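Asker: Quick one, model-v1.txt (compact mmCIF, C-alpha atoms):
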# COMPACT_ATOMS: atom_id res chain seq x y z
CA MET A 651 -14.29 -2.46 -22.18
CA PRO A 652 -13.06 -5.48 -20.16
CA MET A 653 -13.65 -8.73 -21.95
CA SER A 654 -15.86 -11.22 -20.10
CA GLY A 655 -13.57 -14.08 -21.14
CA ASP A 656 -10.48 -12.59 -19.48
CA LYS A 657 -9.26 -14.47 -16.44
CA GLY A 658 -8.50 -12.19 -13.53
CA LEU A 659 -11.72 -10.19 -13.80
CA LEU A 660 -14.08 -10.15 -10.84
CA ILE A 661 -17.22 -8.12 -10.17
CA ARG A 662 -17.70 -6.30 -6.87
CA GLN A 663 -20.51 -4.12 -5.63
CA TYR A 664 -19.95 -1.14 -3.33
CA PRO A 665 -22.71 0.71 -1.47
CA ALA A 666 -22.80 4.51 -1.69
CA GLY A 667 -20.26 6.16 0.61
CA VAL A 668 -17.94 3.17 0.88
CA ASP A 669 -14.20 3.62 0.29
CA ILE A 670 -12.75 1.52 -2.52
CA PHE A 671 -9.19 2.43 -1.67
CA LYS A 672 -7.29 4.97 0.41
CA LYS A 673 -4.07 6.89 -0.06
CA GLY A 674 -1.13 4.64 0.78
CA ASP A 675 -2.89 1.38 -0.09
CA GLU A 676 -1.05 -1.08 -2.31
CA ALA A 677 -2.16 -0.83 -5.94
CA GLU A 678 -2.96 -4.42 -6.89
CA GLU A 679 -6.12 -3.72 -8.90
CA ALA A 680 -7.63 -1.31 -11.41
CA PHE A 681 -11.37 -0.77 -11.69
CA PHE A 682 -13.83 -0.50 -14.58
CA VAL A 683 -17.12 1.18 -13.63
CA LYS A 684 -19.91 -1.02 -14.90
CA GLU A 685 -22.58 0.85 -12.91
CA GLY A 686 -22.54 3.87 -10.62
CA ARG A 687 -20.14 6.76 -10.02
CA ILE A 688 -16.85 6.98 -8.15
CA ARG A 689 -15.30 10.02 -6.51
CA ILE A 690 -11.49 10.37 -6.67
CA TYR A 691 -10.07 12.88 -4.21
CA LYS A 692 -7.01 13.88 -2.18
CA LYS A 693 -6.69 15.39 1.27
CA ASP A 694 -4.39 18.29 2.07
CA THR A 695 -2.29 18.45 5.23
CA ASN A 696 -5.30 19.87 7.11
CA GLY A 697 -7.52 16.96 6.01
CA ILE A 698 -9.51 19.11 3.60
CA GLU A 699 -10.68 17.10 0.59
CA LYS A 700 -9.91 18.20 -2.97
CA LYS A 701 -11.85 16.63 -5.82
CA ILE A 702 -9.67 15.08 -8.52
CA ALA A 703 -12.31 13.43 -10.70
CA THR A 704 -15.69 11.75 -10.90
CA ILE A 705 -15.53 8.44 -12.74
CA GLU A 706 -18.79 7.42 -14.37
CA GLU A 707 -20.07 4.26 -16.07
CA GLY A 708 -17.57 3.07 -18.66
CA GLY A 709 -14.64 4.77 -16.93
CA ILE A 710 -11.50 3.22 -15.48
CA PHE A 711 -9.57 4.25 -12.38
CA GLY A 712 -6.75 2.94 -10.23
CA GLU A 713 -4.58 1.97 -13.20
CA MET A 714 -1.92 4.65 -12.84
CA SER A 715 -0.54 3.55 -9.48
CA MET A 716 -0.78 -0.08 -10.52
CA ILE A 717 1.16 0.36 -13.76
CA GLN A 718 3.80 2.48 -12.02
CA LYS A 719 4.07 0.03 -9.10
CA ARG A 720 3.34 2.79 -6.57
CA ASN A 721 1.03 2.91 -3.60
CA ARG A 722 -2.22 4.80 -4.05
CA THR A 723 -1.81 8.58 -4.08
CA SER A 724 -5.50 9.41 -3.69
CA TYR A 725 -8.78 8.10 -2.30
CA ALA A 726 -11.65 6.46 -4.21
CA GLN A 727 -15.20 6.33 -2.85
CA ALA A 728 -18.51 5.13 -4.31
CA ILE A 729 -20.89 8.07 -4.80
CA ASP A 730 -23.79 5.78 -5.71
CA LYS A 731 -24.27 2.05 -5.30
CA SER A 732 -21.63 0.92 -7.79
CA THR A 733 -20.74 -2.25 -9.65
CA LEU A 734 -17.06 -2.49 -10.56
CA VAL A 735 -15.16 -4.93 -12.73
CA ILE A 736 -11.87 -5.62 -10.97
CA ILE A 737 -8.80 -5.90 -13.20
CA ASP A 738 -5.99 -7.50 -11.27
CA LYS A 739 -2.35 -6.55 -11.71
CA ALA A 740 -1.30 -9.86 -13.30
CA LEU A 741 -3.90 -9.51 -16.06
CA LEU A 742 -3.01 -5.90 -16.84
CA ASP A 743 0.72 -6.68 -16.82
CA LYS A 744 0.10 -9.54 -19.24
CA LYS A 745 -1.95 -7.32 -21.56
CA ILE A 746 0.76 -4.63 -21.57
CA ASP A 747 3.56 -7.19 -22.05
CA ASN A 748 1.70 -8.69 -25.03
CA ALA A 749 0.91 -5.31 -26.60
CA ASP A 750 2.89 -3.80 -29.42
CA PRO A 751 6.15 -2.58 -27.78
CA LEU A 752 5.62 0.96 -29.08
CA LEU A 753 2.11 1.12 -27.60
CA ALA A 754 3.25 -0.40 -24.30
CA THR A 755 6.02 2.20 -24.01
CA LEU A 756 3.63 5.01 -24.94
CA ILE A 757 1.13 3.89 -22.28
CA LYS A 758 3.83 3.86 -19.60
CA ILE A 759 5.12 7.30 -20.62
CA LEU A 760 1.63 8.83 -20.62
CA ILE A 761 0.83 7.35 -17.20
CA LYS A 762 4.11 8.72 -15.81
CA ARG A 763 3.36 12.19 -17.21
CA LEU A 764 -0.16 12.18 -15.78
CA TYR A 765 1.22 11.14 -12.41
CA GLU A 766 3.71 14.03 -12.45
CA VAL A 767 0.97 16.55 -13.35
CA GLN A 768 -1.26 15.34 -10.50
CA LYS A 769 1.44 15.62 -7.80
Turn the structure described in the file into structure tokens.

Answerer:
Amino acid sequence: MPMSGDKGLLIRQYPAGVDIFKKGDEAEEAFFVKEGRIRIYKKDTNGIEKKIATIEEGGIFGEMSMIQKRNRTSYAQAIDKSTLVIIDKALLDKKIDNADPLLATLIKILIKRLYEVQK
């Protein structure tokens, strides 16, 4: 999905069990899963974890908080050794700004609705 010629893309590897981000972290990056699997989860007030999603190869995560300019609302952790393509905020903002205005608005509305459903 990410284009290799795009500036702002980095590759990072995460060992199994390592946190990629935590609730409350600033959302400066989104992630494309090149290899591995990522667990997205929340914790209730008692610290009990609730699975939100498993992101597999070819999936993207971390974009919702970044587009909405909010801190992270969940946790992300590598299930397996994972290789991620990092999409920084400046690149994604540029892509959205250069998109067809109707599509850019639609993307923002859909992200906002998804965020409200996941609260």

Asker: Which stretch 730-766 of chain A residues have any atom within 12 Å of an atom of stretch 670-675 of chain A, and for each, what is the nearest pair of atoms with distance in Å to one decimal, counting only C-alpha atoms, rows sorted by chain and number, as a Markdown table?

Answerer:
| residue | atom | partner | partner_atom | distance |
| --- | --- | --- | --- | --- |
| A:Lys731 | CA | A:Ile670 | CA | 11.9 |
| A:Ser732 | CA | A:Ile670 | CA | 10.3 |
| A:Thr733 | CA | A:Ile670 | CA | 11.4 |
| A:Leu734 | CA | A:Ile670 | CA | 10.0 |
| A:Ile736 | CA | A:Ile670 | CA | 11.1 |

Asker: Using only C-alpha atoms, pick whichever of A:Arg763, A:Ala666, A:Leu659, A:Ile737 has the shortest atom-to-atom distance to A:Met716.

Answerer: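 Under the stated criterion, the closest residue is A:Ile737.
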
Asker: Under the rule that all atoms listed in the file are counted, which of A:Ile757, A:Ala740, A:Leu752, A:Ile729 is the nearest residue to A:Val668?

Answerer: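 Ranking A:Ile757, A:Ala740, A:Leu752, A:Ile729 by distance to A:Val668, first place goes to A:Ile729.
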
Asker: Considering only C-alpha atoms, state which residue in the set A:Ile746, A:Met714, A:Ile688, A:Ala703 is at the smallest distance from A:Lys762.

Answerer: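 Looking only at the distances to A:Lys762, the closest residue turns out to be A:Met714.
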
Asker: Which residues are near A:Gly686? Cut-off 12 Å, all atoms listed in the file, ignore same chain within fewer than 6 positions. Put them as a PyMOL selection string.

Answerer: chain A and resi 662-667+704-709+727-735

Asker: Name the closest residue to A:Asp694 among the candidates A:Tyr765, A:Asp750, A:Ile661, A:Tyr725; distances are taken between atoms, counting all atoms listed in the file.

Answerer: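 Nearest to A:Asp694: A:Tyr725.
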
Asker: Take the point (0.5, 5.8, -5.9) as written in the file and pick out every residue within 8 Å of it, counting all atoms listed in the file; give the list as a list in words.

Answerer: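 Counting all atoms listed in the file, I find these residues within 8 Å of (0.5, 5.8, -5.9): Lys673, Gly674, Glu676, Ala677, Met714, Ser715, Met716, Gln718, Lys719, Arg720, Asn721, Arg722, Thr723 and Ser724 of chain A.
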
Asker: Any chance you can output those residues with C-alpha atoms as a short mmCIF file (atom, residue, chain, number, x, y, z; two decimals), keeping the file's coordinate frame?

Answerer:
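Once everything was written out, this is selection.cif:
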data_model
loop_
_atom_site.label_atom_id
_atom_site.label_comp_id
_atom_site.auth_asym_id
_atom_site.auth_seq_id
_atom_site.Cartn_x
_atom_site.Cartn_y
_atom_site.Cartn_z
CA LYS A 673 -4.07 6.89 -0.06
CA GLY A 674 -1.13 4.64 0.78
CA GLU A 676 -1.05 -1.08 -2.31
CA ALA A 677 -2.16 -0.83 -5.94
CA MET A 714 -1.92 4.65 -12.84
CA SER A 715 -0.54 3.55 -9.48
CA MET A 716 -0.78 -0.08 -10.52
CA GLN A 718 3.80 2.48 -12.02
CA LYS A 719 4.07 0.03 -9.10
CA ARG A 720 3.34 2.79 -6.57
CA ASN A 721 1.03 2.91 -3.60
CA ARG A 722 -2.22 4.80 -4.05
CA THR A 723 -1.81 8.58 -4.08
CA SER A 724 -5.50 9.41 -3.69
#

Asker: Do you have the atom CA of A:Ile710-atom CA of A:Thr695 distance handy?

Answerer: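 Separating atom CA of A:Ile710 from atom CA of A:Thr695 is a distance of 27.3 Å.
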
Asker: If I take atom CA of A:Gly712 and atom CA of A:Ala680, how far is one from the other in Å, to one decimal?

Answerer: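 For atom CA of A:Gly712 relative to atom CA of A:Ala680, the distance reads 4.5 Å.
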
Asker: Considering all atoms listed in the file, can you say which of A:Ile690, A:Val767, A:Leu742, A:Leu660 comes closest to A:Ala754?

Answerer: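 For A:Ala754, the nearest of the given residues is A:Leu742.
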
Asker: What is the atom CA of A:Glu685-atom CA of A:Leu760 distance in Å, reported with one decimal?

Answerer: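 Rounded to one decimal, the two atoms are 26.6 Å apart.
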
Asker: Let me make sure I understand: among A:Lys745, A:Lys692, A:Lys758, A:Arg687, which one has the smallest atom-to-atom distance to A:Phe711 if we use all atoms listed in the file?

Answerer: A:Arg687

Asker: Edge lengths and centre in Å to one decimal, as lines of an AutoDock Vina configuration file, of the axis-aligned box that encloses all listed atoms of stretch 682-690 of chain A with 4 Å added on every side?

Answerer:
center_x = -17.0
center_y = 4.7
center_z = -10.7
size_x = 19.1
size_y = 19.4
size_z = 16.4
